[in-house]
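Notes follow once the structure below has been shown.
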Amino acid sequence: MRVMLLDPAAFTTPYDHHLAKALAAAGAEVELVASRFRFGQGYSPAGYRRTELFYPVSSRVFGRSPARLPLRAIEHLVGLVRLRRRMPDVLHAQWLPWPRVDERLLGLDRPSVLTAHDILPRRSRRRSVLWQRTCARFDRIVVHSRRGKQRLEEELAVHAEKIRVIPHPVFPGPLSRSDDGATVLFLGVIRPYKQIDHAIGAARGIGARLLVVGDPAVDLGDRVEASGTEWRLGYRPHSEVDDALAESTVAVFPYRDELDQSGALLRALGAGVPAVAYDVGGVAEPICQFGAGAVVPPDDQNALQEALARLLGDAEALGRARAGAERARRELTWDVSARSHLAVYRELL
């Protein structure tokens with residue numbers, strides 16, 4: 001079976017790599033079509049082929065600058081034309097960065113699957129009619145949570161029979177601990193919806209050290225002067241992320257309701273680090289399923305602070321949460337995910 005994974009802007013480079021690798025190990029012939037990862041350490045293909053078909057110039061010279069957008073638009077159109085010459089058995093899109101263009105020009109004259117990493121992508125969440133049309137064009141839609149499936153049905157009128165729930169696997173890392181018992185980790189690209197101010201306030205409220213590891217996509221302003229907070233900014237090498245996870249007692253995810261699942265959360269669980277999170281999207285599901293931390297109501301910073309205090313102040317509760325994170329690490333594997341994806345592909349062939 002020839003499978004093409006499509007992520008033109010390399011939005012989810014770690015996810016793309018691990019899924020492609022697992023699909024290839026399960027016997028599929030896999031091509032990952034993407035662009036150069038602009039910000040840091042990428043991944044070498046393992047058993048699959050990677051083709052950087054999109055954004056050959058803008059991905060190299062502009063970083064996050066808006067100046068890249070006109071050139072990027074032209075490159076996107078060229079990439080779509082080049083993409084139509086390829087004929088896999090199944091096309092599986094991970095992201096559609098230009099949905100108004102993609103839903104018209106993306107060649108879907110073959111079995112097609114779309115993963116809705118964000119149920120209503122943040123940059124165009126108001127365009128629900130556009131996303132309804134886009135989802136309607138695909139044969140199957142994959143989501144990472146039961147809540148994501150419900151939202152697709154209710155908000156985008158996607159028929160239930162088209163949707164498949166495949167949990168987001170963990171990103172496994174070393175199970176090593178060198179934490180001080182009082183370090184809270186905020187991990188991942190720093191975007192407005194992740195509400196870093198809630199993490200700073202909650203950690204400060206209980207006198208915990210907050211370790212921030214991630215690339216800022218917003219102006220942090222005077223936040224970097226926050227007492228008790230250590231900043232390791234920029235895209236960090238995998239080894240440095242592993243070191244930060246080893247130093248961390250608990251990870252915190254005070255997100256707004258703008259996503260289905262968090263790769264940073266699955267990275268923390270993959271290293272055996274429990275999590276405290278707002279109950280948004282599908283973020284709560286692996287935490288609750290495996291007992292890997294605590295979930296509190298959205299935007300309730302006091303509840304967030306109290307949950308952190310309970311885990312950091314109760315050795316038995318922390319031990320149970322760590323055991324839950326390790327159960328998630330054992331069960332939410334890429335091999336299981338690959339088998340589930342292959343079953344979806346076979347439905348279409």
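Residues in the structure tokens are numbered from 1 in each chain, the chains being A, B, ... in the order shown, and ligands are numbered from 1 in the order shown.
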*Per DSSP on the backbone, filter segment 73-313 of chain A down to the residues in helix (DSSP H, G or I) and report them as number ranges by chain.*
A: 73-83, 99-105, 122-124, 128-137, 146-155, 160-162, 192-194, 196-205, 221-225, 238-247, 263-270, 284-290, 301-313
Could the residues in this selection be saved with C-alpha atoms as an mmCIF file, in the first residue's frame?
data_model
loop_
_atom_site.group_PDB
_atom_site.id
_atom_site.type_symbol
_atom_site.label_atom_id
_atom_site.label_comp_id
_atom_site.auth_asym_id
_atom_site.auth_seq_id
_atom_site.Cartn_x
_atom_site.Cartn_y
_atom_site.Cartn_z
ATOM 1 C CA ALA A 73 1.497 31.782 -1.616
ATOM 2 C CA ILE A 74 3.156 31.345 -5.012
ATOM 3 C CA GLU A 75 5.234 28.430 -3.771
ATOM 4 C CA HIS A 76 2.125 26.788 -2.350
ATOM 5 C CA LEU A 77 0.382 26.846 -5.727
ATOM 6 C CA VAL A 78 3.477 25.395 -7.402
ATOM 7 C CA GLY A 79 3.631 22.681 -4.746
ATOM 8 C CA LEU A 80 -0.007 21.719 -5.317
ATOM 9 C CA VAL A 81 0.614 21.398 -9.061
ATOM 10 C CA ARG A 82 3.639 19.185 -8.430
ATOM 11 C CA LEU A 83 1.665 17.152 -5.904
ATOM 12 C CA PRO A 99 -7.687 25.926 3.157
ATOM 13 C CA ARG A 100 -9.455 28.270 0.758
ATOM 14 C CA VAL A 101 -6.973 27.245 -1.946
ATOM 15 C CA ASP A 102 -6.455 23.662 -0.825
ATOM 16 C CA GLU A 103 -10.119 22.725 -0.805
ATOM 17 C CA ARG A 104 -10.352 23.715 -4.475
ATOM 18 C CA LEU A 105 -6.993 22.637 -5.886
ATOM 19 C CA ARG A 122 -7.084 28.735 15.013
ATOM 20 C CA ARG A 123 -6.188 30.956 12.081
ATOM 21 C CA SER A 124 -9.509 30.408 10.337
ATOM 22 C CA SER A 128 -16.869 27.130 9.510
ATOM 23 C CA VAL A 129 -18.563 26.859 6.102
ATOM 24 C CA LEU A 130 -15.150 26.564 4.453
ATOM 25 C CA TRP A 131 -14.125 23.787 6.843
ATOM 26 C CA GLN A 132 -17.449 22.021 6.329
ATOM 27 C CA ARG A 133 -16.767 21.939 2.582
ATOM 28 C CA THR A 134 -13.200 20.808 3.165
ATOM 29 C CA CYS A 135 -14.162 17.947 5.476
ATOM 30 C CA ALA A 136 -16.892 16.900 3.047
ATOM 31 C CA ARG A 137 -14.306 16.376 0.305
ATOM 32 C CA ARG A 146 -13.989 11.421 21.588
ATOM 33 C CA ARG A 147 -14.644 15.084 22.287
ATOM 34 C CA GLY A 148 -13.077 15.949 18.950
ATOM 35 C CA LYS A 149 -15.451 13.563 17.205
ATOM 36 C CA GLN A 150 -18.412 15.161 18.944
ATOM 37 C CA ARG A 151 -17.325 18.651 17.916
ATOM 38 C CA LEU A 152 -16.861 17.631 14.301
ATOM 39 C CA GLU A 153 -20.390 16.284 14.256
ATOM 40 C CA GLU A 154 -21.949 19.242 16.033
ATOM 41 C CA GLU A 155 -19.936 22.199 14.732
ATOM 42 C CA ALA A 160 -20.323 10.181 12.239
ATOM 43 C CA GLU A 161 -19.606 7.331 9.823
ATOM 44 C CA LYS A 162 -16.770 9.370 8.258
ATOM 45 C CA PRO A 192 -1.537 33.104 22.964
ATOM 46 C CA TYR A 193 -3.990 30.218 23.395
ATOM 47 C CA LYS A 194 -1.552 28.434 25.714
ATOM 48 C CA ILE A 196 1.522 31.203 29.799
ATOM 49 C CA ASP A 197 0.417 33.895 32.250
ATOM 50 C CA HIS A 198 -1.755 31.278 33.981
ATOM 51 C CA ALA A 199 1.255 28.991 34.362
ATOM 52 C CA ILE A 200 3.394 31.822 35.757
ATOM 53 C CA GLY A 201 0.686 32.868 38.203
ATOM 54 C CA ALA A 202 -0.110 29.348 39.404
ATOM 55 C CA ALA A 203 3.546 28.416 39.945
ATOM 56 C CA ARG A 204 4.267 31.681 41.726
ATOM 57 C CA GLY A 205 1.197 31.188 43.928
ATOM 58 C CA GLY A 221 7.395 41.500 27.207
ATOM 59 C CA ASP A 222 8.166 41.787 30.889
ATOM 60 C CA ARG A 223 7.133 38.182 31.557
ATOM 61 C CA VAL A 224 10.783 37.195 31.287
ATOM 62 C CA GLU A 225 11.387 39.103 34.524
ATOM 63 C CA HIS A 238 15.827 16.817 21.469
ATOM 64 C CA SER A 239 18.506 16.125 24.088
ATOM 65 C CA GLU A 240 17.809 19.447 25.828
ATOM 66 C CA VAL A 241 14.079 18.716 25.914
ATOM 67 C CA ASP A 242 14.890 15.341 27.485
ATOM 68 C CA ASP A 243 17.021 17.113 30.099
ATOM 69 C CA ALA A 244 14.215 19.573 30.879
ATOM 70 C CA LEU A 245 11.718 16.746 31.283
ATOM 71 C CA ALA A 246 14.062 14.940 33.656
ATOM 72 C CA GLU A 247 14.237 18.118 35.768
ATOM 73 C CA GLY A 263 1.834 17.219 21.279
ATOM 74 C CA ALA A 264 3.671 18.811 24.203
ATOM 75 C CA LEU A 265 1.412 16.945 26.635
ATOM 76 C CA LEU A 266 2.175 13.639 24.893
ATOM 77 C CA ARG A 267 5.880 14.485 25.011
ATOM 78 C CA ALA A 268 5.659 14.964 28.775
ATOM 79 C CA LEU A 269 3.716 11.740 29.335
ATOM 80 C CA GLY A 270 6.238 9.946 27.127
ATOM 81 C CA ALA A 284 -8.143 15.677 29.419
ATOM 82 C CA GLU A 285 -8.684 12.252 27.873
ATOM 83 C CA PRO A 286 -5.228 10.655 28.270
ATOM 84 C CA ILE A 287 -4.734 12.292 31.670
ATOM 85 C CA CYS A 288 -8.047 10.920 32.957
ATOM 86 C CA GLN A 289 -7.789 7.555 31.200
ATOM 87 C CA PHE A 290 -4.429 6.726 32.749
ATOM 88 C CA GLN A 301 -6.351 29.574 37.535
ATOM 89 C CA ASN A 302 -7.132 29.004 41.209
ATOM 90 C CA ALA A 303 -8.117 25.396 40.471
ATOM 91 C CA LEU A 304 -4.949 25.005 38.392
ATOM 92 C CA GLN A 305 -2.857 26.283 41.284
ATOM 93 C CA GLU A 306 -4.607 24.010 43.799
ATOM 94 C CA ALA A 307 -4.096 20.930 41.598
ATOM 95 C CA LEU A 308 -0.391 21.711 41.237
ATOM 96 C CA ALA A 309 -0.119 22.196 44.993
ATOM 97 C CA ARG A 310 -1.780 18.828 45.661
ATOM 98 C CA LEU A 311 0.579 16.916 43.386
ATOM 99 C CA LEU A 312 3.717 18.695 44.552
ATOM 100 C CA GLY A 313 2.716 18.416 48.210
#
*Close residues, Val165 of chain A itself excluded, 6 Å, only C-alpha atoms, min 3 positions apart in chain, as an MDAnalysis selection string*: chainID A and resid 142:145
*Would you work out the distance separating atom CA of Val158 of chain A from atom CA of Val344 of chain A, expressed in Å to one decimal?*
16.6 Å
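All residues of protein, DNA or RNA that reach within 7 Å of Ala9 of chain A, judged by only C-alpha atoms and not counting those fewer than 5 positions away in the chain, are Ala34, Ser35 and Pro97 of chain A.
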With C-alpha atoms retained, export the selected residues as a short mmCIF file (atom, residue, chain, number, x, y, z; two decimals), in the first residue's frame.
data_model
loop_
_atom_site.label_atom_id
_atom_site.label_comp_id
_atom_site.auth_asym_id
_atom_site.auth_seq_id
_atom_site.Cartn_x
_atom_site.Cartn_y
_atom_site.Cartn_z
CA ALA A 34 6.38 18.48 3.48
CA SER A 35 8.80 21.41 3.47
CA PRO A 97 -2.26 25.62 5.53
#
*Between atom CA of Ala46 of chain A and atom CA of Val61 of chain A, what is the distance, to one decimal in Å?*
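One can read the atom CA of Ala46 of chain A to atom CA of Val61 of chain A distance as 27.3 Å.
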*Rounded to one decimal place, report the atom CA of Val280 of chain A-atom CA of Leu259 of chain A distance in Å.*
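Here the two named atoms are 7.7 Å from each other.
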*Can you pull out every residue within 7 Å of segment 271-277 of chain A, counting only C-alpha atoms, but drop anything in the same chain fewer than 4 positions away, and send it as a list in words?*
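So the residues in contact are Pro172, Gly173, Pro174, Leu175, Leu245, Thr249, Val250, Ala251, Val252, Phe253, Pro254, Arg267, Ala292, Gly293, Ala294, Val295, Val296, Ala307, Leu308, Ala321, Arg322, Ala325 and Glu326 of chain A.
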_So, with only C-alpha atoms as the atoms that count, which of A:Ser44, A:Ser176, A:Thr115, A:Gln195 lies closest to Asp300 of chain A?_
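Among the listed residues, the smallest separation from Asp300 of chain A belongs to A:Gln195.
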*asked:* When you count only C-alpha atoms, which of these residues is closest to Ala93 of chain A: A:Ile166, A:Ala20, A:Leu53, A:Leu5?
replied: A:Leu5
*asked:* I need the strand (DSSP E) residues of segment 169-205 of chain A per DSSP on the backbone, written as JSON, numbers by chain.
replied: {"A": [183, 184, 185, 186, 187]}
Go ahead and write the selection's residues with C-alpha atoms as a compact mmCIF listing (two decimals), in the first residue's frame.
# COMPACT_ATOMS: atom_id res chain seq x y z
CA THR A 183 9.50 22.14 39.37
CA VAL A 184 6.60 22.88 37.02
CA LEU A 185 7.28 22.63 33.27
CA PHE A 186 5.67 24.71 30.53
CA LEU A 187 6.72 23.02 27.27
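You can rank A:Asp314, A:Arg256, A:Asp299, A:Gly234 by their closest distance to Gly181 of chain A using only C-alpha atoms, and at the top of that list sits A:Asp314.
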*Near Val3 of chain A, counting only C-alpha atoms, which residues have an atom at most 7 Å away, once you skip same-chain residues fewer than 5 positions from it, shown as a PyMOL selection string?*
chain A and resi 28-31+88-91
*Which polymer residues have any atom within 7 Å of an atom of Ala338 of chain A, counting only C-alpha atoms, with same-chain residues fewer than 2 positions away left out, as JSON, numbers by chain?*
{"A": [19, 22, 23, 334, 335, 336, 340, 341, 342]}
*Give the answer as one residue: which of A:Asp260, A:Leu220, A:His92, A:Arg38 has the shortest atom-to-atom distance to Tyr55 of chain A, using only C-alpha atoms?*
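That would be A:Arg38, the residue with the smallest distance to Tyr55 of chain A.
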*Closest of A:Arg2, A:Arg177, A:Arg327, A:Arg50 to His17 of chain A - atom-to-atom distances counting only C-alpha atoms*: A:Arg50
